[in-house]
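Report on one structure; see the data block that follows.
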Protein chains: 2
Amino acid sequence: VKRLTRAAVLAVGSELLTPSRLDTNSLFVTAELNRHGIDVVFKSVLGDDADELARGLEHALGRVDVVVCSGGLGPTADDLTRDVVATVLGRTLYTADDLANGIRRRFEARGLSMPRINLRQALVPEGAVVLANQVGTAPGLWIEHGDQVVVLLPGPPRELRPMFEAVAHERLAPRAGGRVIVQRIVRVTGRSESHVEEAIRALYRDWASAQVPVMVTILASLGQVEIHLSARAPEQSEAHRALSAAVEAVEERLGADVYSSDGRAMEQIVGDLLLTRGWCAALAESCTGGLIASRLTDVPGSSRYVDRGVVAYANEAKTSLLGVSTDLLAAHGAVSEAVARSMAEGVRVRAGVDLGIGVTGVAGPGGGSEAKPVGTVAVAVSTVLESRSRLHRFAGERTLVKFQASQAALNLARLVLES
Amino acid sequence: VKRLTRAAVLAVGSELLTPSRLDTNSLFVTAELNRHGIDVVFKSVLGDDADELARGLEHALGRVDVVVCSGGLGPTADDLTRDVVATVLGRTLYTADDLANGIRRRFEARGLSMPRINLRQALVPEGAVVLANQVGTAPGLWIEHGDQVVVLLPGPPRELRPMFEAVAHERLAPRAGGRVIVQRIVRVTGRSESHVEEAIRALYRDWASAQVPVMVTILASLGQVEIHLSARAPEQSEAHRALSAAVEAVEERLGADVYSSDGRAMEQIVGDLLLTRGWCAALAESCTGGLIASRLTDVPGSSRYVDRGVVAYANEAKTSLLGVSTDLLAAHGAVSEAVARSMAEGVRVRAGVDLGIGVTGVAGPGGGSEAKPVGTVAVAVSTVLESRSRLHRFAGERTLVKFQASQAALNLARLVLES
């Protein structure tokens, strides 16, 4: 059988052709394909139109070994992927009884009766393998067509991801080219994209000419810079070895500004540090409005180390809930390192925990002044041993300021916990 | 000359085929095309490979009237768009002296000598119109090919946007159909996608055959279903009128489950209802971990109506911060409507505000039991006049449960505020 080396990724849905929606599934699908050494040759977004879908699929089948389609597997009349693929590949559709029963049971478990149209989701092209959907009603499909493969996946990311991960591992990997592409992401905070580039660019030439070459892309995103390193090798272990050496070289040059090199997000890093110490944390948030608490509690098991959070917008709330003195507020203003420290200490002492985080700032668009313009944010961390604070000035609109402030506060907590 | 009605948008660049980059230019290009009544039939991302580019362009020319390409106009060897387009359209390339001089002057103005390779950017296919680049060195190109048009734009958004805006206005609009496309989104919560479809599908036929036809797409996303309506008409006002009638028909069938029909998100809807009443709100969150506070405070001006939030994970925090009695916790368990009501009332009374929201539940993955499995969430709203609560069971992993719980709590607050 021919090796699978070239893929096309198709996203189906008219909404993805409007000015307000992007196909993001293809990023996950691409990462999985690359992991098994399959290149993505092109991506397309197609509307819910039988003729366009058919022409797009035919074009892809003329170019690549693997076509991965997401979307258009729902129950409604505009979900056409199943039908079009069956037509283009010359297969008839039959109703799979076990699928039909499974879908009916999902509805009944929620106390609902299954609408008749949902039976469409039990239609299967002859010769296709059904891919189980653990999360929703739309099953996926794996269809071999001569030497080629067509994979149909549901559009919702939470349904698509586990399904494609499983099928890529079980069915694509054994037929792929025997070279893997492995990626690692080093996350840096507190430096600009160009400062990161300056610090590490001397490494690029050696990486490019190594026996297992390492490619690098630097991406600035909100509150952080990401260094994407990827290596292609016959074996996972060789690629991982080359990447580990590259990550070490990066960490040597960027020091404590590197906060993650194993895929963990900032909130997970801070959570793991708290767990390691056996510490509990409490949060006092003003301008971040609960975002830090929400990010920390996104991590499974965070109830072991997040005790409580207080969102204190009004000065009165800062005083009554956190014990910030009215004198301090009057002397320094609500947006100040002194108040952030007092908030962090206040919440730590009142909760009776080991670490307190305090944040106060001007998220905008209103509330700025000449001395403290929109984007001014003070963050503080308090423990029994010490109190640290920093004053930042962030750019961007309200939600961007909030996120950058939460990132800076969590990073300060990381530095305190690491020291 | 044939009217231009159907477009394809191509993005060129191998970096856009990696797991970490998305083409976002196509959103802007789509909005401009739609504004002039031109539909985007499909979008593709192509790598820096002459053969793939040629096949992708040929495919597009077989399907649409207008092909808009972004990227691949730089000076380096992997910038192939110009050459490939000339080959596919059968044009020779010549060096435009004025372009070459302009590029040379841009370098000289920065005190640099022009690298020879930059002369590639002065190459023009015969018969093409050069589109001036006010910001960078890569000129754009407008190429008529029989009844069809190919537009080549530079990849950097700040170069592409003004250039495409200008050429769309000057050259596309006069050849477009003289029709505009306008979109509106109706957001629904508390119903499944297929139940929404069943409720409104009877409307589709009239919409499709109306003088100003209205097209509909239904999209399920987390905690809500979106109905995307779009109308095409000779004038903006006619399209808006048709959409208003369609929205009204939808609202009539879905009643209070429609929470937004003007683009506002749930947190903005609740915020505006609070503002209208002159009310302040306070939040008592357990399993949502601050997410409701964070969503409400994403809205500019929310400091006027968000007084405070309390994230009370531990039972002890529910008692000390919110006054939930230990007897109540023992009798009903922390995850119960009774405790959610007590949290909502407790935070409302202690903050001295008009409306309190309380949420308690099992976000998972741990903490579930037979009686209260992962995903069980109680939400409550308390005012001076009334107390309402609901028990939900949500599917999905931790962050999905958190979001759905925040949506249900905000929706209950909306219903209370609207009544």
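Each chain in the structure tokens gets a letter, A, B, ..., in the order shown, and its residues are numbered from 1; ligands are numbered from 1 in order too.
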Distance table requested - chain A against chain B, cut-off 7 Å, only C-alpha atoms: one row per qualifying residue with the closest atom pair and its distance in Å to one decimal, ordered by chain and rising residue number, as JSON lines.
```
{"residue": "A:Leu17", "atom": "CA", "partner": "B:Val40", "partner_atom": "CA", "distance": 6.3}
{"residue": "A:Thr18", "atom": "CA", "partner": "B:Thr30", "partner_atom": "CA", "distance": 6.6}
{"residue": "A:Pro19", "atom": "CA", "partner": "B:Leu27", "partner_atom": "CA", "distance": 4.5}
{"residue": "A:Ser20", "atom": "CA", "partner": "B:Leu27", "partner_atom": "CA", "distance": 6.8}
{"residue": "A:Leu27", "atom": "CA", "partner": "B:Pro19", "partner_atom": "CA", "distance": 4.4}
{"residue": "A:Phe28", "atom": "CA", "partner": "B:Pro19", "partner_atom": "CA", "distance": 6.4}
{"residue": "A:Thr30", "atom": "CA", "partner": "B:Pro19", "partner_atom": "CA", "distance": 5.4}
{"residue": "A:Ala31", "atom": "CA", "partner": "B:Pro19", "partner_atom": "CA", "distance": 5.0}
{"residue": "A:Val40", "atom": "CA", "partner": "B:Leu17", "partner_atom": "CA", "distance": 6.4}
{"residue": "A:Val41", "atom": "CA", "partner": "B:Gly47", "partner_atom": "CA", "distance": 6.7}
{"residue": "A:Phe42", "atom": "CA", "partner": "B:Leu46", "partner_atom": "CA", "distance": 5.0}
{"residue": "A:Lys43", "atom": "CA", "partner": "B:Val45", "partner_atom": "CA", "distance": 5.1}
{"residue": "A:Ser44", "atom": "CA", "partner": "B:Ser44", "partner_atom": "CA", "distance": 4.1}
{"residue": "A:Val45", "atom": "CA", "partner": "B:Lys43", "partner_atom": "CA", "distance": 5.1}
{"residue": "A:Leu46", "atom": "CA", "partner": "B:Phe42", "partner_atom": "CA", "distance": 4.9}
{"residue": "A:Gly47", "atom": "CA", "partner": "B:Val41", "partner_atom": "CA", "distance": 6.6}
{"residue": "A:Gly289", "atom": "CA", "partner": "B:Ser294", "partner_atom": "CA", "distance": 4.9}
{"residue": "A:Gly290", "atom": "CA", "partner": "B:Gly290", "partner_atom": "CA", "distance": 4.5}
{"residue": "A:Leu291", "atom": "CA", "partner": "B:Ser294", "partner_atom": "CA", "distance": 5.0}
{"residue": "A:Ala293", "atom": "CA", "partner": "B:Gly290", "partner_atom": "CA", "distance": 5.4}
{"residue": "A:Ser294", "atom": "CA", "partner": "B:Gly290", "partner_atom": "CA", "distance": 4.7}
{"residue": "A:Thr297", "atom": "CA", "partner": "B:Gly289", "partner_atom": "CA", "distance": 5.7}
{"residue": "A:Asp298", "atom": "CA", "partner": "B:Thr399", "partner_atom": "CA", "distance": 5.7}
{"residue": "A:Pro300", "atom": "CA", "partner": "B:Pro365", "partner_atom": "CA", "distance": 6.4}
{"residue": "A:Ser303", "atom": "CA", "partner": "B:Tyr313", "partner_atom": "CA", "distance": 6.7}
{"residue": "A:Asp307", "atom": "CA", "partner": "B:Tyr313", "partner_atom": "CA", "distance": 6.1}
{"residue": "A:Arg308", "atom": "CA", "partner": "B:Ala312", "partner_atom": "CA", "distance": 5.1}
{"residue": "A:Gly309", "atom": "CA", "partner": "B:Val311", "partner_atom": "CA", "distance": 4.5}
{"residue": "A:Val310", "atom": "CA", "partner": "B:Val310", "partner_atom": "CA", "distance": 4.7}
{"residue": "A:Val311", "atom": "CA", "partner": "B:Gly309", "partner_atom": "CA", "distance": 4.5}
{"residue": "A:Ala312", "atom": "CA", "partner": "B:Arg308", "partner_atom": "CA", "distance": 5.1}
{"residue": "A:Tyr313", "atom": "CA", "partner": "B:Arg308", "partner_atom": "CA", "distance": 5.9}
{"residue": "A:Ala314", "atom": "CA", "partner": "B:Asp307", "partner_atom": "CA", "distance": 6.3}
{"residue": "A:Ala317", "atom": "CA", "partner": "B:Arg308", "partner_atom": "CA", "distance": 6.9}
{"residue": "A:Gly364", "atom": "CA", "partner": "B:Pro300", "partner_atom": "CA", "distance": 6.9}
{"residue": "A:Pro365", "atom": "CA", "partner": "B:Pro300", "partner_atom": "CA", "distance": 6.4}
{"residue": "A:Arg398", "atom": "CA", "partner": "B:Asp298", "partner_atom": "CA", "distance": 6.8}
{"residue": "A:Thr399", "atom": "CA", "partner": "B:Asp298", "partner_atom": "CA", "distance": 5.7}
```
Query raised in the report: Got a sec: who's within 12 Å of Leu112 (chain A), counting only C-alpha atoms, leaving out chain neighbours fewer than 5 positions off, as a list in words?
Result: Ile103, Arg104, Arg105, Arg106 and Phe107 of chain A; Arg191, Ser192, Ser194 and His195 of chain B
Requested in this report: Could you pull out the residues in region 293-386 of chain A that DSSP calls helix (DSSP H, G or I) from the backbone, as JSON, numbers by chain?
Outcome: {"A": [293, 294, 295, 296, 302, 303, 304, 315, 316, 317, 318, 319, 320, 321, 322, 326, 327, 328, 329, 330, 331, 332, 337, 338, 339, 340, 341, 342, 343, 344, 345, 346, 347, 348, 349, 350, 351]}
Query raised in the report: Do you know which residues are at most 7 Å from region 249-257 of chain B counting only C-alpha atoms, after dropping those on the same chain fewer than 5 positions away, and could you put them as a ChimeraX atom specification?
Result: /B:188-190,199-200
Query - Length of the CA of Gly323 (chain A) to CA of Gly346 (chain A) vector [Å] - result: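 CA of Gly346 (chain A) lies at a distance of 5.7 Å from CA of Gly323 (chain A).
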Report task. Fewer than 5 positions away in the same chain doesn't count, so skip those; otherwise give me all residues within 10 Å of Gln211 (chain B), counting only C-alpha atoms, as a PyMOL selection string. Result -> chain B and resi 206+232-233+238+242
